[in-house]
>>> print(open('entry.tsv').read())   # TSV, C-alpha atoms
chain	number	residue	atom	x	y	z
K	1	MET	CA	-39.72	101.75	-13.22
K	2	ASP	CA	-38.88	103.47	-16.48
K	3	PHE	CA	-35.89	105.73	-15.87
K	4	GLN	CA	-37.37	108.78	-17.58
K	5	HIS	CA	-40.44	108.40	-15.35
K	6	PHE	CA	-38.17	108.05	-12.31
K	7	LEU	CA	-36.46	111.35	-13.19
K	8	GLU	CA	-39.80	113.13	-12.83
K	9	TYR	CA	-39.71	112.31	-9.10
K	10	VAL	CA	-36.15	113.54	-8.51
K	11	PRO	CA	-37.16	117.08	-7.39
K	12	LEU	CA	-39.55	115.62	-4.80
K	13	PHE	CA	-36.98	113.07	-3.75
K	14	ALA	CA	-34.35	115.78	-3.26
K	15	GLN	CA	-36.66	117.68	-0.89
K	16	ALA	CA	-37.99	114.67	1.05
K	17	LYS	CA	-37.53	114.46	4.81
K	18	LEU	CA	-35.02	111.87	6.03
K	19	PRO	CA	-36.30	109.28	8.54
K	20	ALA	CA	-32.72	108.91	9.85
K	21	MET	CA	-32.41	106.68	12.92
K	22	GLU	CA	-35.98	105.43	12.55
K	23	ALA	CA	-35.05	103.82	9.23
K	24	HIS	CA	-31.58	102.72	10.35
K	25	LEU	CA	-32.87	100.83	13.37
K	26	LYS	CA	-35.14	98.67	11.19
K	27	MET	CA	-32.04	96.96	9.78
K	28	ALA	CA	-29.56	97.39	12.64
K	29	PRO	CA	-28.19	94.26	14.38
K	30	PHE	CA	-29.59	94.25	17.92
K	31	GLU	CA	-26.10	94.13	19.48
K	32	ARG	CA	-25.16	97.34	17.65
K	33	MET	CA	-28.12	99.50	18.62
K	34	GLU	CA	-26.65	101.14	21.73
K	35	SER	CA	-23.44	102.11	19.95
K	36	LEU	CA	-25.53	103.59	17.12
K	37	LYS	CA	-27.66	105.65	19.47
K	38	ASN	CA	-24.54	106.99	21.22
K	39	ALA	CA	-22.44	107.49	18.09
K	40	PHE	CA	-22.84	111.26	18.05
K	41	SER	CA	-22.56	111.78	21.82
K	42	GLU	CA	-19.42	109.77	22.53
K	43	ASN	CA	-15.94	110.92	21.61
K	44	LYS	CA	-14.99	108.11	19.24
K	45	ASP	CA	-12.92	110.26	16.84
K	46	PRO	CA	-14.02	108.11	13.88
K	47	ARG	CA	-12.39	108.06	10.49
K	48	MET	CA	-14.50	109.62	7.74
K	49	ALA	CA	-15.76	108.02	4.53
K	50	ALA	CA	-18.43	108.62	1.89
K	51	VAL	CA	-20.43	106.39	-0.45
K	52	MET	CA	-22.60	106.90	-3.51
K	53	MET	CA	-26.08	105.39	-3.86
K	54	LEU	CA	-26.24	105.72	-7.64
K	55	PHE	CA	-29.34	105.29	-9.81
K	56	TYR	CA	-28.96	104.88	-13.56
K	57	PRO	CA	-30.80	103.45	-16.59
K	58	LYS	CA	-30.20	99.94	-17.87
K	59	ASN	CA	-32.26	99.11	-20.95
K	60	GLY	CA	-34.38	102.09	-19.97
K	61	ILE	CA	-35.20	100.69	-16.50
K	62	THR	CA	-34.05	102.32	-13.22
K	63	HIS	CA	-31.27	100.41	-11.42
K	64	LEU	CA	-29.16	100.92	-8.28
K	65	VAL	CA	-25.52	99.81	-8.20
K	66	LEU	CA	-23.89	97.84	-5.38
K	67	ILE	CA	-20.45	96.25	-5.25
K	68	VAL	CA	-19.11	93.00	-3.83
K	69	ARG	CA	-15.86	93.75	-2.03
K	70	ASN	CA	-12.84	91.50	-2.49
K	71	SER	CA	-11.84	89.13	0.29
K	72	TYR	CA	-9.03	90.52	2.44
K	73	GLU	CA	-7.79	90.64	6.02
K	74	GLY	CA	-10.34	93.04	7.45
K	75	VAL	CA	-13.79	93.39	9.02
K	76	HIS	CA	-15.53	94.23	5.72
K	77	SER	CA	-14.01	91.44	3.65
K	78	GLY	CA	-16.33	90.13	0.93
K	79	GLN	CA	-19.26	92.30	2.00
K	80	ILE	CA	-21.83	94.02	-0.20
K	81	ALA	CA	-21.46	97.80	-0.22
K	82	PHE	CA	-22.06	100.99	-2.12
K	83	PRO	CA	-19.15	102.37	-4.14
K	84	GLY	CA	-17.18	104.67	-1.88
K	85	GLY	CA	-14.25	104.96	0.47
K	86	LYS	CA	-12.14	107.01	2.82
K	87	TYR	CA	-12.14	110.80	2.89
K	88	GLU	CA	-8.83	112.29	1.78
K	89	THR	CA	-7.53	115.67	2.92
K	90	GLU	CA	-7.51	116.98	-0.67
K	91	ASP	CA	-11.26	116.30	-0.98
K	92	GLU	CA	-13.18	119.57	-0.82
K	93	ASN	CA	-16.11	117.86	0.93
K	94	PHE	CA	-17.66	114.44	1.46
K	95	ALA	CA	-19.61	114.64	-1.81
K	96	VAL	CA	-16.29	114.91	-3.63
K	97	THR	CA	-15.10	111.83	-1.73
K	98	ALA	CA	-18.16	109.86	-2.86
K	99	LEU	CA	-17.73	110.93	-6.48
K	100	ARG	CA	-13.98	110.28	-6.52
K	101	GLU	CA	-14.23	106.88	-4.90
K	102	THR	CA	-17.11	105.81	-7.17
K	103	HIS	CA	-14.97	106.73	-10.16
K	104	GLU	CA	-12.03	104.77	-8.77
K	105	GLU	CA	-14.04	101.67	-7.82
K	106	VAL	CA	-16.51	101.27	-10.69
K	107	GLY	CA	-15.20	103.58	-13.42
K	108	ILE	CA	-17.99	106.18	-13.64
K	109	HIS	CA	-16.51	109.65	-14.18
K	110	PRO	CA	-17.70	112.35	-11.72
K	111	ASP	CA	-18.89	114.48	-14.63
K	112	LYS	CA	-21.41	111.76	-15.47
K	113	MET	CA	-22.94	111.77	-11.97
K	114	GLU	CA	-25.25	114.30	-10.35
K	115	VAL	CA	-25.52	114.37	-6.56
K	116	ILE	CA	-29.16	114.93	-5.62
K	117	LYS	CA	-29.38	114.24	-1.88
K	118	PHE	CA	-27.25	113.81	1.24
K	119	PHE	CA	-28.43	111.03	3.55
K	120	THR	CA	-27.93	110.45	7.28
K	121	PRO	CA	-24.34	109.61	8.30
K	122	THR	CA	-23.94	106.06	9.57
K	123	TYR	CA	-21.45	104.99	12.22
K	124	ILE	CA	-19.72	101.61	11.80
K	125	PRO	CA	-18.40	100.42	15.20
K	126	PRO	CA	-16.15	97.52	14.05
K	127	SER	CA	-14.01	99.76	11.83
K	128	ASN	CA	-14.72	103.10	13.60
K	129	PHE	CA	-15.83	104.84	10.40
K	130	MET	CA	-18.50	107.50	10.03
K	131	VAL	CA	-19.91	107.01	6.55
K	132	HIS	CA	-21.59	109.89	4.70
K	133	PRO	CA	-24.05	108.54	2.09
K	134	PHE	CA	-25.02	110.51	-1.00
K	135	CYS	CA	-27.66	109.65	-3.55
K	136	GLY	CA	-26.88	110.44	-7.16
K	137	ILE	CA	-28.08	109.79	-10.67
K	138	CYS	CA	-26.35	109.03	-13.93
K	139	LYS	CA	-28.68	109.90	-16.80
K	140	ASP	CA	-26.85	107.83	-19.39
K	141	GLU	CA	-26.37	104.09	-19.80
K	142	VAL	CA	-23.17	103.12	-17.99
K	143	CYS	CA	-20.34	100.67	-18.53
K	144	PHE	CA	-18.88	99.66	-15.18
K	145	ILE	CA	-15.13	99.11	-14.91
K	146	PRO	CA	-14.54	97.46	-11.49
K	147	GLN	CA	-11.26	98.22	-9.71
K	148	PRO	CA	-9.74	94.71	-9.50
K	149	SER	CA	-7.91	95.30	-6.22
K	150	GLU	CA	-11.10	96.35	-4.39
K	151	VAL	CA	-14.18	95.12	-6.25
K	152	SER	CA	-14.97	91.46	-6.88
K	153	SER	CA	-18.17	92.06	-8.86
K	154	ILE	CA	-21.00	94.48	-9.59
K	155	ILE	CA	-24.65	94.07	-8.58
K	156	GLU	CA	-27.15	95.92	-10.77
K	157	LEU	CA	-30.34	96.05	-8.70
K	158	PRO	CA	-33.62	96.99	-10.44
K	159	LEU	CA	-35.59	99.61	-8.52
K	160	SER	CA	-38.69	97.41	-8.55
K	161	VAL	CA	-36.79	94.60	-6.80
K	162	PHE	CA	-35.28	96.99	-4.26
K	163	LEU	CA	-38.70	98.38	-3.32
K	164	SER	CA	-40.16	94.90	-2.75
K	165	ASP	CA	-40.37	93.77	0.88
K	166	LYS	CA	-39.75	90.20	-0.27
K	167	ILE	CA	-35.99	90.84	-0.16
K	168	ILE	CA	-36.05	91.68	3.59
K	169	ILE	CA	-35.12	88.67	5.73
K	170	GLU	CA	-33.72	87.71	9.13
K	171	THR	CA	-30.70	85.45	9.19
K	172	LYS	CA	-27.99	84.15	11.51
K	173	LEU	CA	-24.48	85.51	11.12
K	174	SER	CA	-21.17	85.50	12.95
K	175	THR	CA	-19.71	88.99	13.05
K	176	SER	CA	-16.57	90.66	14.32
K	177	TYR	CA	-18.29	91.29	17.67
K	178	ALA	CA	-20.75	88.41	18.14
K	179	LYS	CA	-21.25	84.80	17.07
K	180	ASN	CA	-24.34	83.19	15.57
K	181	ILE	CA	-26.67	86.15	16.02
K	182	ASN	CA	-29.96	86.97	14.30
K	183	VAL	CA	-29.69	90.05	12.09
K	184	PRO	CA	-32.13	91.78	9.73
K	185	ALA	CA	-30.83	91.83	6.17
K	186	PHE	CA	-31.63	92.22	2.49
K	187	GLU	CA	-31.23	89.16	0.28
K	188	ILE	CA	-30.12	90.43	-3.13
K	189	GLU	CA	-29.09	88.08	-5.95
K	190	GLY	CA	-28.10	85.42	-3.45
K	191	HIS	CA	-26.05	87.87	-1.36
K	192	ILE	CA	-26.83	88.79	2.25
K	193	VAL	CA	-26.65	92.55	2.75
K	194	TRP	CA	-26.58	93.54	6.42
K	195	GLY	CA	-25.05	96.04	8.83
K	196	ALA	CA	-24.29	99.59	7.72
K	197	THR	CA	-25.13	99.03	4.05
K	198	ALA	CA	-28.51	97.53	4.99
K	199	MET	CA	-29.19	100.49	7.27
K	200	MET	CA	-28.41	102.97	4.49
K	201	LEU	CA	-30.55	100.95	2.09
K	202	SER	CA	-33.38	101.08	4.62
K	203	GLU	CA	-33.36	104.87	4.75
K	204	LEU	CA	-33.09	105.11	0.96
K	205	LYS	CA	-36.01	102.72	0.56
K	206	ASP	CA	-38.21	104.60	3.04
K	207	VAL	CA	-37.57	107.92	1.29
K	208	LEU	CA	-38.25	106.45	-2.14
K	209	LYS	CA	-41.52	104.88	-0.94
K	210	SER	CA	-42.63	108.18	0.61
K	211	VAL	CA	-42.09	109.92	-2.72
K	212	LEU	CA	-43.22	107.26	-5.17
K	213	GLY	CA	-46.22	106.09	-3.14
K	214	ALA	CA	-48.19	103.49	-5.04
K	215	ASP	CA	-46.53	104.45	-8.34
K	216	LYS	CA	-43.64	101.99	-8.33
>>> encode(input="entry.tsv", output="structure tokens")
Amino acid sequence: MDFQHFLEYVPLFAQAKLPAMEAHLKMAPFERMESLKNAFSENKDPRMAAVMMLFYPKNGITHLVLIVRNSYEGVHSGQIAFPGGKYETEDENFAVTALRETHEEVGIHPDKMEVIKFFTPTYIPPSNFMVHPFCGICKDEVCFIPQPSEVSSIIELPLSVFLSDKIIIETKLSTSYAKNINVPAFEIEGHIVWGATAMMLSELKDVLKSVLGADK
């Protein structure tokens, strides 16, 4: 979709109802469902984080940015994610966390981003993080500067590809809590996107489809 055309839908998008758990469960690994349903009722004392689901123009066409995390000793090594990271005590709120971390990880200054919607927090059992997703827009063409210590590469996902159901698959994975299990996932540029990022993508996709309708 042309980015200027996409901007016409932003007011409707900002006011749209969130499907929350209904959307998350579409892409949640079966073994994780109970912990997701109980995430807000159990005293897990999770660490807090925030991410930015950022739309921007590339050659005039609407894109969404994802990152490939570096390999390291940890449960999220090498995974596909949104730019973002851990909440710091000096952050005024979680939106500030998302903006700050996006700047640090991919080089987009907070002044260039506009937060337009807060999405449903997502609990990640393996790392005990509660992630607060925000959707934002950057109205100008961007030049990404990946943080070498955290980001292996950038994925620039066209909106038209994201909205296609052809990228939704089921695949077998070995995770930190189960071996050789079937999980729903997105297949994006040869990468398998599953778990919390897939769940956040699912809610984002459902909201976009409710707003855009047949005009994609």
>>> closest_residue(input="entry.tsv", among="K:Pro125, K:Pro158, K:Pro146, K:Pro29", to="K:Ile188", atoms="all atoms listed in the file")
K:Pro158
>>> residues_around(input="entry.tsv", residues="K:Glu156", least_positions_apart="6", cutoff="9 Å", atoms="all atoms listed in the file", output="list in words")
Lys58, His63, Leu64, Val65, Leu66 and Ile67 of chain K
>>> closest_residue(input="entry.tsv", among="K:Glu104, K:Glu141, K:Asp111, K:Glu170", to="K:Val51", atoms="all atoms listed in the file")
K:Glu104
>>> residues_around(input="entry.tsv", residues="K:Ala198", least_positions_apart="6", cutoff="7 Å", atoms="all atoms listed in the file", output="VMD selection string")
chain K and resid 27 185 to 186
>>> atom_distance(input="entry.tsv", atom1="atom CA of K:Ile181", atom2="atom CA of K:Pro19")
26.1 Å
>>> closest_residue(input="entry.tsv", among="K:Pro126, K:Gly136, K:Pro11, K:Gly107", to="K:Met52", atoms="all atoms listed in the file")
K:Gly136
>>> residues_around(input="entry.tsv", residues="K:Ala98", least_positions_apart="2", cutoff="12 Å", atoms="all atoms listed in the file", output="ChimeraX atom specification")
/K:48-54,82-88,91-96,100-106,108-110,113-115,118,131-136
>>> atom_distance(input="entry.tsv", atom1="atom CA of K:Leu163", atom2="atom CA of K:Lys17")
18.1 Å
>>> closest_residue(input="entry.tsv", among="K:Glu150, K:Asp140, K:Glu187, K:Asp45", to="K:Asn59", atoms="all atoms listed in the file")
K:Asp140
>>> atom_distance(input="entry.tsv", atom1="atom CA of K:Leu212", atom2="atom CA of K:Val68")
28.0 Å
>>> closest_residue(input="entry.tsv", among="K:Gln15, K:Thr62, K:Thr171, K:Ser202", to="K:Met1", atoms="all atoms listed in the file")
K:Thr62
>>> closest_residue(input="entry.tsv", among="K:Lys112, K:Lys172, K:Lys166, K:Arg69", to="K:Pro148", atoms="all atoms listed in the file")
K:Arg69
>>> residues_around(input="entry.tsv", residues="K:Glu203", least_positions_apart="3", cutoff="10 Å", atoms="all atoms listed in the file", output="NGL selection string")
:K and (18-27 or 119-120 or 198-200 or 206-209)
>>> decode(input="entry.tsv", residues="stretch 157-190 of chain K", atoms="N, CA and C atoms", output="compact mmCIF listing (two decimals), in the first residue's frame")
# COMPACT_ATOMS: atom_id res chain seq x y z
N LEU K 157 9.64 -5.40 5.93
CA LEU K 157 8.50 -6.20 5.50
C LEU K 157 7.42 -5.32 4.86
N PRO K 158 7.15 -5.49 3.57
CA PRO K 158 6.07 -4.71 2.95
C PRO K 158 4.72 -5.05 3.60
N LEU K 159 3.89 -4.04 3.76
CA LEU K 159 2.58 -4.24 4.38
C LEU K 159 1.76 -5.27 3.61
N SER K 160 1.83 -5.25 2.30
CA SER K 160 1.04 -6.19 1.50
C SER K 160 1.44 -7.64 1.78
N VAL K 161 2.72 -7.88 2.01
CA VAL K 161 3.19 -9.23 2.34
C VAL K 161 2.73 -9.62 3.74
N PHE K 162 2.84 -8.69 4.67
CA PHE K 162 2.42 -8.96 6.05
C PHE K 162 0.94 -9.34 6.12
N LEU K 163 0.11 -8.67 5.33
CA LEU K 163 -1.33 -8.91 5.39
C LEU K 163 -1.75 -10.20 4.68
N SER K 164 -0.86 -10.79 3.91
CA SER K 164 -1.18 -12.04 3.21
C SER K 164 -1.16 -13.22 4.17
N ASP K 165 -2.16 -14.10 4.06
CA ASP K 165 -2.20 -15.29 4.91
C ASP K 165 -1.23 -16.37 4.43
N LYS K 166 -0.62 -16.15 3.28
CA LYS K 166 0.33 -17.13 2.75
C LYS K 166 1.58 -17.26 3.62
N ILE K 167 1.86 -16.26 4.45
CA ILE K 167 3.06 -16.32 5.28
C ILE K 167 2.81 -17.03 6.61
N ILE K 168 1.56 -17.44 6.88
CA ILE K 168 1.24 -18.16 8.11
C ILE K 168 1.42 -19.67 7.87
N ILE K 169 2.23 -20.30 8.71
CA ILE K 169 2.55 -21.72 8.56
C ILE K 169 2.46 -22.42 9.91
N GLU K 170 2.62 -23.73 9.90
CA GLU K 170 2.85 -24.51 11.11
C GLU K 170 4.13 -25.29 10.90
N THR K 171 5.00 -25.26 11.90
CA THR K 171 6.29 -25.91 11.76
C THR K 171 6.70 -26.57 13.06
N LYS K 172 7.69 -27.45 12.98
CA LYS K 172 8.22 -28.12 14.18
C LYS K 172 9.45 -27.37 14.68
N LEU K 173 9.49 -27.14 15.99
CA LEU K 173 10.62 -26.46 16.61
C LEU K 173 10.97 -27.11 17.93
N SER K 174 12.22 -26.96 18.33
CA SER K 174 12.63 -27.31 19.69
C SER K 174 12.85 -26.01 20.44
N THR K 175 12.17 -25.86 21.56
CA THR K 175 12.22 -24.62 22.32
C THR K 175 12.91 -24.84 23.66
N SER K 176 12.92 -23.78 24.45
CA SER K 176 13.55 -23.87 25.77
C SER K 176 12.75 -24.74 26.73
N TYR K 177 11.48 -25.03 26.38
CA TYR K 177 10.62 -25.79 27.29
C TYR K 177 10.04 -27.05 26.68
N ALA K 178 10.28 -27.31 25.40
CA ALA K 178 9.74 -28.52 24.77
C ALA K 178 10.55 -28.84 23.51
N LYS K 179 10.58 -30.11 23.15
CA LYS K 179 11.34 -30.55 22.00
C LYS K 179 10.43 -31.02 20.87
N ASN K 180 10.77 -30.61 19.66
CA ASN K 180 10.10 -31.11 18.45
C ASN K 180 8.59 -30.94 18.53
N ILE K 181 8.15 -29.71 18.76
CA ILE K 181 6.72 -29.44 18.88
C ILE K 181 6.23 -28.67 17.66
N ASN K 182 4.93 -28.84 17.35
CA ASN K 182 4.31 -28.06 16.28
C ASN K 182 3.93 -26.68 16.81
N VAL K 183 4.33 -25.64 16.10
CA VAL K 183 3.98 -24.28 16.51
C VAL K 183 3.48 -23.50 15.30
N PRO K 184 2.50 -22.62 15.50
CA PRO K 184 2.11 -21.71 14.43
C PRO K 184 3.18 -20.64 14.29
N ALA K 185 3.39 -20.15 13.08
CA ALA K 185 4.46 -19.18 12.86
C ALA K 185 4.20 -18.38 11.60
N PHE K 186 4.94 -17.30 11.45
CA PHE K 186 5.01 -16.56 10.19
C PHE K 186 6.33 -16.92 9.52
N GLU K 187 6.29 -17.14 8.21
CA GLU K 187 7.52 -17.34 7.46
C GLU K 187 7.79 -16.06 6.66
N ILE K 188 8.83 -15.34 7.06
CA ILE K 188 9.12 -14.03 6.49
C ILE K 188 10.57 -14.00 6.00
N GLU K 189 10.73 -13.88 4.70
CA GLU K 189 12.06 -13.81 4.07
C GLU K 189 12.96 -14.96 4.52
N GLY K 190 12.36 -16.16 4.58
CA GLY K 190 13.13 -17.34 4.96
C GLY K 190 13.31 -17.51 6.45
